[in-house]
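Asks: My file is entry_9.txt. It has compact mmCIF, C-alpha atoms:
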# COMPACT_ATOMS: atom_id res chain seq x y z
CA MET D 1 0.63 -14.44 6.52
CA ARG D 2 -1.33 -11.35 7.43
CA HIS D 3 -3.91 -11.90 10.18
CA ALA D 4 -7.36 -10.41 10.24
CA SER D 5 -7.43 -7.14 12.14
CA SER D 6 -10.33 -5.89 14.23
CA VAL D 7 -12.72 -3.12 13.27
CA SER D 8 -15.84 -2.00 15.09
CA ARG D 9 -18.05 -1.97 12.02
CA PRO D 10 -17.30 -3.17 8.47
CA PRO D 11 -17.38 -0.50 5.74
CA ASP D 12 -20.30 -0.79 3.36
CA HIS D 13 -18.11 -2.10 0.53
CA ARG D 14 -16.88 -5.10 2.53
CA ILE D 15 -18.63 -8.48 2.38
CA GLN D 16 -18.59 -11.77 4.23
CA ILE D 17 -17.19 -14.98 2.78
CA GLY D 18 -20.55 -16.35 1.65
CA GLU D 19 -21.14 -13.34 -0.57
CA LEU D 20 -17.56 -13.51 -1.86
CA ALA D 21 -18.17 -17.15 -2.77
CA ARG D 22 -21.41 -16.27 -4.54
CA ARG D 23 -19.83 -13.46 -6.58
CA THR D 24 -16.78 -15.44 -7.68
CA GLY D 25 -18.16 -18.97 -7.95
CA VAL D 26 -15.42 -20.28 -5.62
CA SER D 27 -16.69 -22.23 -2.63
CA ALA D 28 -16.22 -20.80 0.86
CA PRO D 29 -14.07 -23.77 2.01
CA LEU D 30 -11.73 -23.26 -0.93
CA LEU D 31 -11.54 -19.52 -0.25
CA ARG D 32 -10.58 -20.26 3.36
CA ALA D 33 -7.93 -22.70 2.14
CA TRP D 34 -6.44 -20.07 -0.19
CA GLU D 35 -6.43 -17.59 2.69
CA ARG D 36 -4.84 -20.05 5.12
CA ARG D 37 -2.27 -21.65 2.82
CA TYR D 38 -1.21 -18.76 0.62
CA GLY D 39 -2.27 -15.56 2.36
CA LEU D 40 -4.22 -14.69 -0.78
CA LEU D 41 -7.01 -12.85 1.07
CA GLN D 42 -6.65 -10.10 3.67
CA PRO D 43 -9.87 -9.96 5.70
CA LEU D 44 -10.83 -7.57 8.48
CA ARG D 45 -12.84 -8.67 11.51
CA THR D 46 -16.02 -7.02 12.68
CA SER D 47 -16.60 -6.39 16.36
CA GLY D 48 -18.65 -9.58 16.32
CA GLY D 49 -15.69 -11.60 15.07
CA PHE D 50 -16.82 -12.07 11.46
CA ARG D 51 -14.26 -11.85 8.68
CA THR D 52 -15.08 -9.34 5.94
CA TYR D 53 -13.48 -9.02 2.51
CA GLY D 54 -12.91 -6.04 0.28
CA PRO D 55 -12.73 -5.36 -3.48
CA LEU D 56 -9.05 -6.30 -3.67
CA ASP D 57 -9.80 -9.72 -2.20
CA GLU D 58 -12.41 -10.29 -4.89
CA GLU D 59 -9.98 -9.12 -7.56
CA ARG D 60 -7.36 -11.57 -6.33
CA VAL D 61 -9.82 -14.46 -6.38
CA ARG D 62 -10.83 -13.66 -9.96
CA ALA D 63 -7.20 -13.31 -11.04
CA MET D 64 -6.48 -16.64 -9.31
CA GLN D 65 -9.22 -18.27 -11.38
CA VAL D 66 -7.83 -16.85 -14.62
CA ARG D 67 -4.35 -18.18 -13.92
CA MET D 68 -5.59 -21.61 -12.84
CA ASN D 69 -7.81 -21.85 -15.93
CA ALA D 70 -4.67 -21.22 -17.95
CA GLY D 71 -3.10 -24.31 -16.38
CA MET D 72 -1.15 -22.79 -13.48
CA SER D 73 -1.17 -24.64 -10.16
CA ALA D 74 -2.89 -23.00 -7.18
CA SER D 75 0.40 -22.49 -5.36
CA LEU D 76 2.12 -20.85 -8.33
CA ALA D 77 -0.92 -18.70 -9.12
CA ALA D 78 -1.08 -17.49 -5.52
CA ALA D 79 2.66 -16.83 -5.44
CA ALA D 80 2.40 -14.70 -8.57
CA LEU D 81 -0.48 -12.70 -7.13
CA THR D 82 1.08 -12.10 -3.71
CA SER D 83 4.61 -11.37 -4.92
CA GLU D 84 6.16 -8.01 -4.10
CA GLY D 85 4.52 -5.18 -5.99
CA ARG D 86 1.57 -7.21 -7.23
CA SER D 87 -0.89 -5.72 -4.76
CA ARG D 88 0.04 -2.18 -5.83
CA GLU D 89 -0.46 -3.12 -9.49
CA LEU D 90 -3.90 -4.57 -8.78
CA ASP D 91 -4.87 -1.50 -6.76
CA ALA D 92 -3.83 0.76 -9.63
CA LEU D 93 -5.86 -1.26 -12.09
CA VAL D 94 -9.09 -1.46 -10.07
CA GLY D 95 -11.75 0.52 -11.90
CA SER D 96 -9.79 0.73 -15.15
CA GLN D 97 -11.79 0.83 -18.36
CA PRO D 98 -11.05 -1.63 -21.20
CA ALA D 99 -9.44 1.12 -23.27
CA ALA D 100 -6.85 1.87 -20.57
CA ILE D 101 -5.97 -1.79 -20.15
CA ARG D 102 -5.88 -2.18 -23.93
CA ALA D 103 -3.26 0.55 -24.12
CA THR D 104 -1.20 -1.25 -21.50
CA LEU D 105 -1.54 -4.50 -23.44
CA SER D 106 -0.47 -2.88 -26.71
CA ALA D 107 2.55 -1.32 -25.06
CA ALA D 108 3.54 -4.68 -23.59
CA PHE D 109 3.37 -6.30 -27.01
CA THR D 110 5.59 -3.59 -28.48
CA ARG D 111 8.19 -4.09 -25.72
CA PHE D 112 8.07 -7.91 -25.94
CA ASP D 113 7.09 -7.80 -22.27
CA GLU D 114 5.37 -11.13 -21.66
CA ARG D 115 4.79 -10.58 -17.95
CA ALA D 116 3.10 -7.20 -18.50
CA ALA D 117 0.99 -8.62 -21.33
CA HIS D 118 -0.29 -11.43 -19.12
CA ARG D 119 -1.04 -8.98 -16.31
CA ALA D 120 -3.13 -6.87 -18.67
CA LEU D 121 -4.94 -9.94 -19.98
CA ASP D 122 -5.53 -11.11 -16.39
CA ARG D 123 -7.10 -7.76 -15.69
CA LEU D 124 -9.34 -7.82 -18.75
CA PHE D 125 -10.66 -11.32 -18.23
CA ALA D 126 -11.07 -10.96 -14.46
CA THR D 127 -12.89 -7.62 -14.57
CA PHE D 128 -15.11 -7.71 -17.64
CA SER D 129 -17.33 -10.20 -19.40
CA LEU D 130 -15.60 -12.36 -21.98
CA GLU D 131 -17.26 -10.52 -24.85
CA THR D 132 -16.29 -7.10 -23.49
CA ALA D 133 -12.72 -8.23 -22.88
CA LEU D 134 -12.45 -9.49 -26.45
CA VAL D 135 -14.38 -6.76 -28.26
CA GLU D 136 -13.01 -3.76 -26.34
CA GLY D 137 -9.63 -5.10 -25.28
CA VAL D 138 -7.92 -8.00 -27.01
CA LEU D 139 -9.12 -7.70 -30.60
CA PRO D 140 -8.61 -3.92 -30.96
CA SER D 141 -5.12 -4.29 -29.52
CA LEU D 142 -4.23 -6.89 -32.14
CA GLN D 143 -5.84 -4.85 -34.91
CA SER D 144 -3.87 -1.78 -33.85
CA LEU D 145 -0.68 -3.80 -33.94
CA GLY D 146 -1.54 -4.97 -37.47
CA VAL D 147 -2.11 -1.39 -38.62
CA ARG D 148 1.20 -0.31 -37.12
CA TRP D 149 2.96 -3.20 -38.85
CA GLU D 150 1.49 -2.18 -42.21
CA ALA D 151 2.69 1.38 -41.54
CA GLY D 152 6.20 0.12 -40.80
CA GLU D 153 6.09 1.22 -37.15
CA VAL D 154 6.62 -2.30 -35.76
CA SER D 155 8.05 -5.49 -37.21
CA ILE D 156 6.37 -8.82 -37.88
CA ALA D 157 8.14 -10.06 -34.74
CA GLU D 158 5.87 -8.02 -32.45
CA GLU D 159 2.80 -9.33 -34.25
CA HIS D 160 3.95 -12.94 -33.90
CA PHE D 161 4.81 -12.37 -30.25
CA ALA D 162 1.37 -10.93 -29.52
CA THR D 163 -0.43 -13.64 -31.48
CA ALA D 164 1.37 -16.42 -29.61
CA ILE D 165 0.47 -14.97 -26.21
CA VAL D 166 -3.16 -14.25 -27.07
CA ARG D 167 -3.73 -17.59 -28.79
CA GLY D 168 -2.46 -19.45 -25.74
CA ARG D 169 -4.72 -17.50 -23.41
CA LEU D 170 -7.79 -17.91 -25.59
CA LEU D 171 -7.29 -21.66 -25.87
CA ALA D 172 -6.96 -21.82 -22.09
CA LEU D 173 -10.33 -20.06 -21.81
CA ALA D 174 -11.72 -22.51 -24.36
CA ARG D 175 -10.83 -25.58 -22.32
CA ASN D 176 -13.71 -28.09 -22.25
CA TRP D 177 -15.77 -25.97 -24.62
CA GLY D 178 -16.93 -29.17 -26.30
CA ASP D 179 -18.85 -30.22 -23.19
CA GLY D 180 -22.53 -29.64 -22.58
CA GLY D 181 -25.77 -30.29 -24.37
CA GLY D 182 -26.05 -27.36 -26.75
CA PRO D 183 -25.72 -27.40 -30.54
CA ARG D 184 -22.26 -28.21 -31.86
CA ALA D 185 -20.19 -26.03 -34.17
CA LEU D 186 -17.25 -27.50 -36.09
CA LEU D 187 -14.61 -24.84 -36.82
CA ALA D 188 -11.66 -24.92 -39.21
CA CYS D 189 -9.45 -22.85 -41.47
CA PRO D 190 -8.86 -24.05 -45.05
CA PRO D 191 -5.49 -25.36 -46.29
CA ALA D 192 -2.62 -22.85 -46.04
CA GLU D 193 -4.58 -20.56 -43.70
CA GLN D 194 -2.49 -20.29 -40.53
CA HIS D 195 -4.41 -17.54 -38.72
CA ASP D 196 -7.17 -18.83 -36.46
CA LEU D 197 -7.39 -16.20 -33.69
CA GLY D 198 -10.61 -14.81 -35.12
CA LEU D 199 -12.02 -18.32 -35.39
CA ILE D 200 -11.18 -19.04 -31.74
CA CYS D 201 -12.88 -15.79 -30.68
CA PHE D 202 -15.88 -16.77 -32.79
CA GLY D 203 -16.00 -20.12 -30.99
CA LEU D 204 -15.82 -18.44 -27.61
CA GLY D 205 -18.69 -16.18 -28.63
CA LEU D 206 -20.78 -19.23 -29.52
CA ARG D 207 -19.77 -20.99 -26.29
CA GLU D 208 -21.11 -17.99 -24.35
CA ARG D 209 -24.45 -18.68 -26.06
CA GLY D 210 -24.55 -22.31 -24.95
CA TRP D 211 -22.89 -24.00 -27.93
CA ARG D 212 -20.42 -26.87 -27.92
CA ILE D 213 -17.29 -26.24 -29.96
CA THR D 214 -14.98 -28.56 -31.88
CA LEU D 215 -11.95 -26.73 -33.27
CA LEU D 216 -9.78 -28.30 -35.96
CA GLY D 217 -7.75 -25.11 -36.28
CA PRO D 218 -5.50 -23.79 -39.04
CA ASN D 219 -4.49 -25.45 -42.30
CA THR D 220 -7.23 -28.09 -42.32
CA PRO D 221 -7.75 -30.18 -45.49
CA ILE D 222 -11.39 -30.05 -46.55
CA ASP D 223 -11.63 -33.85 -46.74
CA THR D 224 -10.48 -33.98 -43.10
CA LEU D 225 -13.11 -31.41 -42.20
CA ALA D 226 -15.76 -33.36 -44.13
CA ASP D 227 -14.86 -36.59 -42.34
CA ALA D 228 -15.18 -34.88 -38.95
CA ALA D 229 -18.52 -33.36 -39.99
CA ASP D 230 -19.84 -36.76 -41.07
CA ARG D 231 -18.88 -38.24 -37.72
CA LEU D 232 -20.04 -35.39 -35.48
CA GLU D 233 -23.12 -34.16 -37.39
CA PRO D 234 -22.69 -30.59 -36.10
CA ALA D 235 -25.42 -27.97 -36.28
CA ILE D 236 -23.05 -25.93 -38.44
CA VAL D 237 -19.58 -26.13 -39.99
CA ILE D 238 -17.60 -22.88 -40.08
CA VAL D 239 -14.79 -22.37 -42.58
CA ALA D 240 -12.87 -19.14 -41.94
CA ALA D 241 -10.08 -17.48 -43.91
CA MET D 242 -8.23 -14.19 -43.94
CA HIS D 243 -7.67 -14.19 -47.72
CA ALA D 244 -10.20 -14.88 -50.48
CA ALA D 245 -7.71 -16.85 -52.58
CA LEU D 246 -7.49 -19.54 -49.92
CA LEU D 247 -11.23 -20.13 -50.05
CA GLU D 248 -11.39 -19.91 -53.82
CA GLY D 249 -8.87 -22.74 -54.02
CA VAL D 250 -11.29 -25.09 -52.22
CA GLN D 251 -14.57 -23.76 -53.64
CA ALA D 252 -15.64 -27.08 -55.20
CA ASP D 253 -14.83 -28.97 -51.99
CA VAL D 254 -16.77 -26.52 -49.84
CA ALA D 255 -19.73 -26.83 -52.22
CA GLN D 256 -19.69 -30.62 -51.83
CA LEU D 257 -19.52 -30.26 -48.07
CA ALA D 258 -22.45 -27.83 -48.13
CA HIS D 259 -24.57 -30.47 -49.89
CA ARG D 260 -24.27 -32.74 -46.84
CA HIS D 261 -24.04 -30.27 -43.96
CA ARG D 262 -25.02 -26.74 -43.03
CA VAL D 263 -21.87 -24.72 -43.81
CA ALA D 264 -20.97 -21.08 -43.22
CA VAL D 265 -17.94 -19.17 -44.46
CA ALA D 266 -16.48 -16.37 -42.37
CA GLY D 267 -13.52 -14.06 -42.00
CA PRO D 268 -12.20 -11.27 -44.24
CA GLY D 269 -11.63 -13.76 -47.06
CA ALA D 270 -15.28 -14.83 -47.21
CA SER D 271 -17.92 -13.10 -49.31
CA ALA D 272 -21.57 -13.27 -50.27
CA ALA D 273 -20.52 -14.32 -53.79
CA PHE D 274 -18.56 -17.28 -52.46
CA GLY D 275 -21.52 -18.25 -50.32
CA ARG D 276 -23.86 -18.20 -53.32
CA ALA D 277 -21.40 -20.22 -55.42
CA THR D 278 -21.06 -22.95 -52.81
CA GLY D 279 -24.46 -23.00 -51.13
CA ALA D 280 -22.88 -21.93 -47.85
CA TRP D 281 -24.06 -19.18 -45.54
CA TRP D 282 -21.92 -16.07 -45.52
CA VAL D 283 -21.28 -14.67 -42.04
CA SER D 284 -19.83 -11.17 -41.96
CA GLY D 285 -18.56 -8.88 -39.25
CA PRO D 286 -16.18 -9.19 -36.27
CA PRO D 287 -15.98 -12.61 -34.58
CA ILE D 288 -18.30 -11.90 -31.65
CA ASP D 289 -20.92 -10.27 -33.91
CA ALA D 290 -20.59 -13.19 -36.33
CA ALA D 291 -21.17 -15.65 -33.47
CA ALA D 292 -24.36 -13.83 -32.51
CA SER D 293 -25.51 -13.90 -36.15
CA VAL D 294 -24.91 -17.64 -36.48
CA ASP D 295 -26.71 -18.34 -33.21
CA ASN D 296 -29.71 -16.30 -34.37
CA MET D 297 -29.72 -17.89 -37.84
CA ILE D 298 -29.63 -21.42 -36.46
CA ARG D 299 -32.40 -20.72 -33.96
CA GLN D 300 -34.56 -19.09 -36.63
CA ASP D 301 -33.88 -21.95 -39.03
CA GLN D 302 -34.85 -24.49 -36.40
CA LEU D 303 -37.98 -22.50 -35.56
CA THR D 304 -38.98 -22.37 -39.23
CA THR D 305 -38.37 -26.10 -39.60
CA THR D 306 -40.49 -26.83 -36.53
CA ARG D 307 -43.35 -24.68 -37.77
CA GLY D 308 -43.23 -26.34 -41.17
CA ALA D 309 -43.27 -29.86 -39.77
Reformat the file's structure so that it appears as structure tokens.
Replies:
Amino acid sequence: MRHASSVSRPPDHRIQIGELARRTGVSAPLLRAWERRYGLLQPLRTSGGFRTYGPLDEERVRAMQVRMNAGMSASLAAAALTSEGRSRELDALVGSQPAAIRATLSAAFTRFDERAAHRALDRLFATFSLETALVEGVLPSLQSLGVRWEAGEVSIAEEHFATAIVRGRLLALARNWGDGGGPRALLACPPAEQHDLGLICFGLGLRERGWRITLLGPNTPIDTLADAADRLEPAIVIVAAMHAALLEGVQADVAQLAHRHRVAVAGPGASAAFGRATGAWWVSGPPIDAAASVDNMIRQDQLTTTRGA
């Protein structure tokens, strides 16, 4: 393990452990444990004997959090971050913009390079806010892959590979998103709809606004969704589909559900006409924008109800 070296005066960009703990949300005792056990941090000492930490230390702590949130043990996460070559990769990525990391992510998907894809995702989620990482990194990368598939430049295999990696990471970020005291959203895709990445992103966008999320996921029978709605009494039920035909096949069922609960339809398959036919709200736009719209609509609806009481 590398020991702290002495310097007469810490550079302006270096901080003490209390500030590192404040910035990352990791307690100082745990930071010291990671430094002692795994050599994760590489502090310098001031002339007064105080340890100071630099930007790379903060980056490693954030990357450690991302990996542990994805279910990796502390020892394995630290080993991955301190393995040969990892420090150089992190140094090269410091200061990168989402577009540059997005390009790296897209290239990794094309090469079926799982390790490189996870490194790029680590970088996105550790450096930027969740919304920025999704809106400027993850989602455009997947959309670009879809366009290339339609143009015959890549096969469906690359798209499935990318979807599997991203879905796993997003669900790791969504862990415990049903906790808290905010309004609850119940999310599902209709029968035969297997694509729920947009729905998961939508849920993460709501979670960032204080909501609790219950995800039923792809291929959900409407009677199953209705039963869950009756039991949970969510503030809103979201039904999302990529293709209009999948929603049209359950139009009568969605209309019945909308008589008992506040329902919104979303995704490329949803439309204002379907919303009018079923009594459901129609939520348009990309997942994060749609989440903001739903949050605003619910708050305005509650405000109107309160004023009218």
Asks: Name all residues at most 8 Å from region 109-111 of chain D (count all atoms listed in the file; drop same-chain ones fewer than 3 positions away) and give them as a CSV table (one decimal) with C-alpha atoms, keeping the file's coordinate frame.
Replies:
chain,number,residue,atom,x,y,z
D,105,LEU,CA,-1.5,-4.5,-23.4
D,106,SER,CA,-0.5,-2.9,-26.7
D,114,GLU,CA,5.4,-11.1,-21.7
D,117,ALA,CA,1.0,-8.6,-21.3
D,154,VAL,CA,6.6,-2.3,-35.8
D,158,GLU,CA,5.9,-8.0,-32.4
D,159,GLU,CA,2.8,-9.3,-34.2
D,161,PHE,CA,4.8,-12.4,-30.2
D,162,ALA,CA,1.4,-10.9,-29.5
Asks: Rounded to one decimal, what separation in Å do you get between CA of Gly152 (chain D) and CA of Pro218 (chain D)?
Replies: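 Separation between CA of Gly152 (chain D) and CA of Pro218 (chain D): 26.7 Å.
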Asks: Please measure the separation of CA of Arg123 (chain D) and CA of Leu20 (chain D), giving the value in Å to one decimal.
Replies: 18.3 Å
Asks: Find the spatial neighbours of region 188-198 of chain D, counting all atoms listed in the file, within a cut-off of 7 Å - ignore same-chain residues fewer than 2 positions away - and output them as a PyMOL selection string.
Replies: chain D and resi 167+186+200-202+215-222+238-241+246-247+287
Asks: Report the distance between CA of Pro55 (chain D) and CA of Leu30 (chain D) in Å, rounded to one decimal place.
Replies: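 Separating CA of Pro55 (chain D) from CA of Leu30 (chain D) is a distance of 18.1 Å.
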Asks: Counting all atoms listed in the file, which residue out of D:Gly182, D:Gly275, D:Pro286, D:Gly54 sits closest to Leu41 (chain D)?
Replies: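 Residue with the minimum atom-to-atom distance to Leu41 (chain D): D:Gly54.
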Asks: Taking all atoms listed in the file into account, name the residue in D:Glu248, D:Ala270, D:Met297, D:Asp289 that is nearest to Leu204 (chain D).
Replies: D:Asp289
Asks: Which region 203-236 of chain D residues have any atom within 10 Å of an atom of region 255-262 of chain D, and for each, what is the nearest pair of atoms with distance in Å to one decimal, counting only C-alpha atoms, rows sorted by chain and number, as JSON lines?
Replies:
{"residue": "D:Ile222", "atom": "CA", "partner": "D:Leu257", "partner_atom": "CA", "distance": 8.3}
{"residue": "D:Asp223", "atom": "CA", "partner": "D:Leu257", "partner_atom": "CA", "distance": 8.8}
{"residue": "D:Leu225", "atom": "CA", "partner": "D:Leu257", "partner_atom": "CA", "distance": 8.8}
{"residue": "D:Ala226", "atom": "CA", "partner": "D:Leu257", "partner_atom": "CA", "distance": 6.3}
{"residue": "D:Asp227", "atom": "CA", "partner": "D:Leu257", "partner_atom": "CA", "distance": 9.7}
{"residue": "D:Ala229", "atom": "CA", "partner": "D:His261", "partner_atom": "CA", "distance": 7.5}
{"residue": "D:Asp230", "atom": "CA", "partner": "D:His261", "partner_atom": "CA", "distance": 8.3}
{"residue": "D:Glu233", "atom": "CA", "partner": "D:His261", "partner_atom": "CA", "distance": 7.7}
{"residue": "D:Pro234", "atom": "CA", "partner": "D:His261", "partner_atom": "CA", "distance": 8.0}
{"residue": "D:Ala235", "atom": "CA", "partner": "D:Arg262", "partner_atom": "CA", "distance": 6.9}
{"residue": "D:Ile236", "atom": "CA", "partner": "D:Arg262", "partner_atom": "CA", "distance": 5.1}
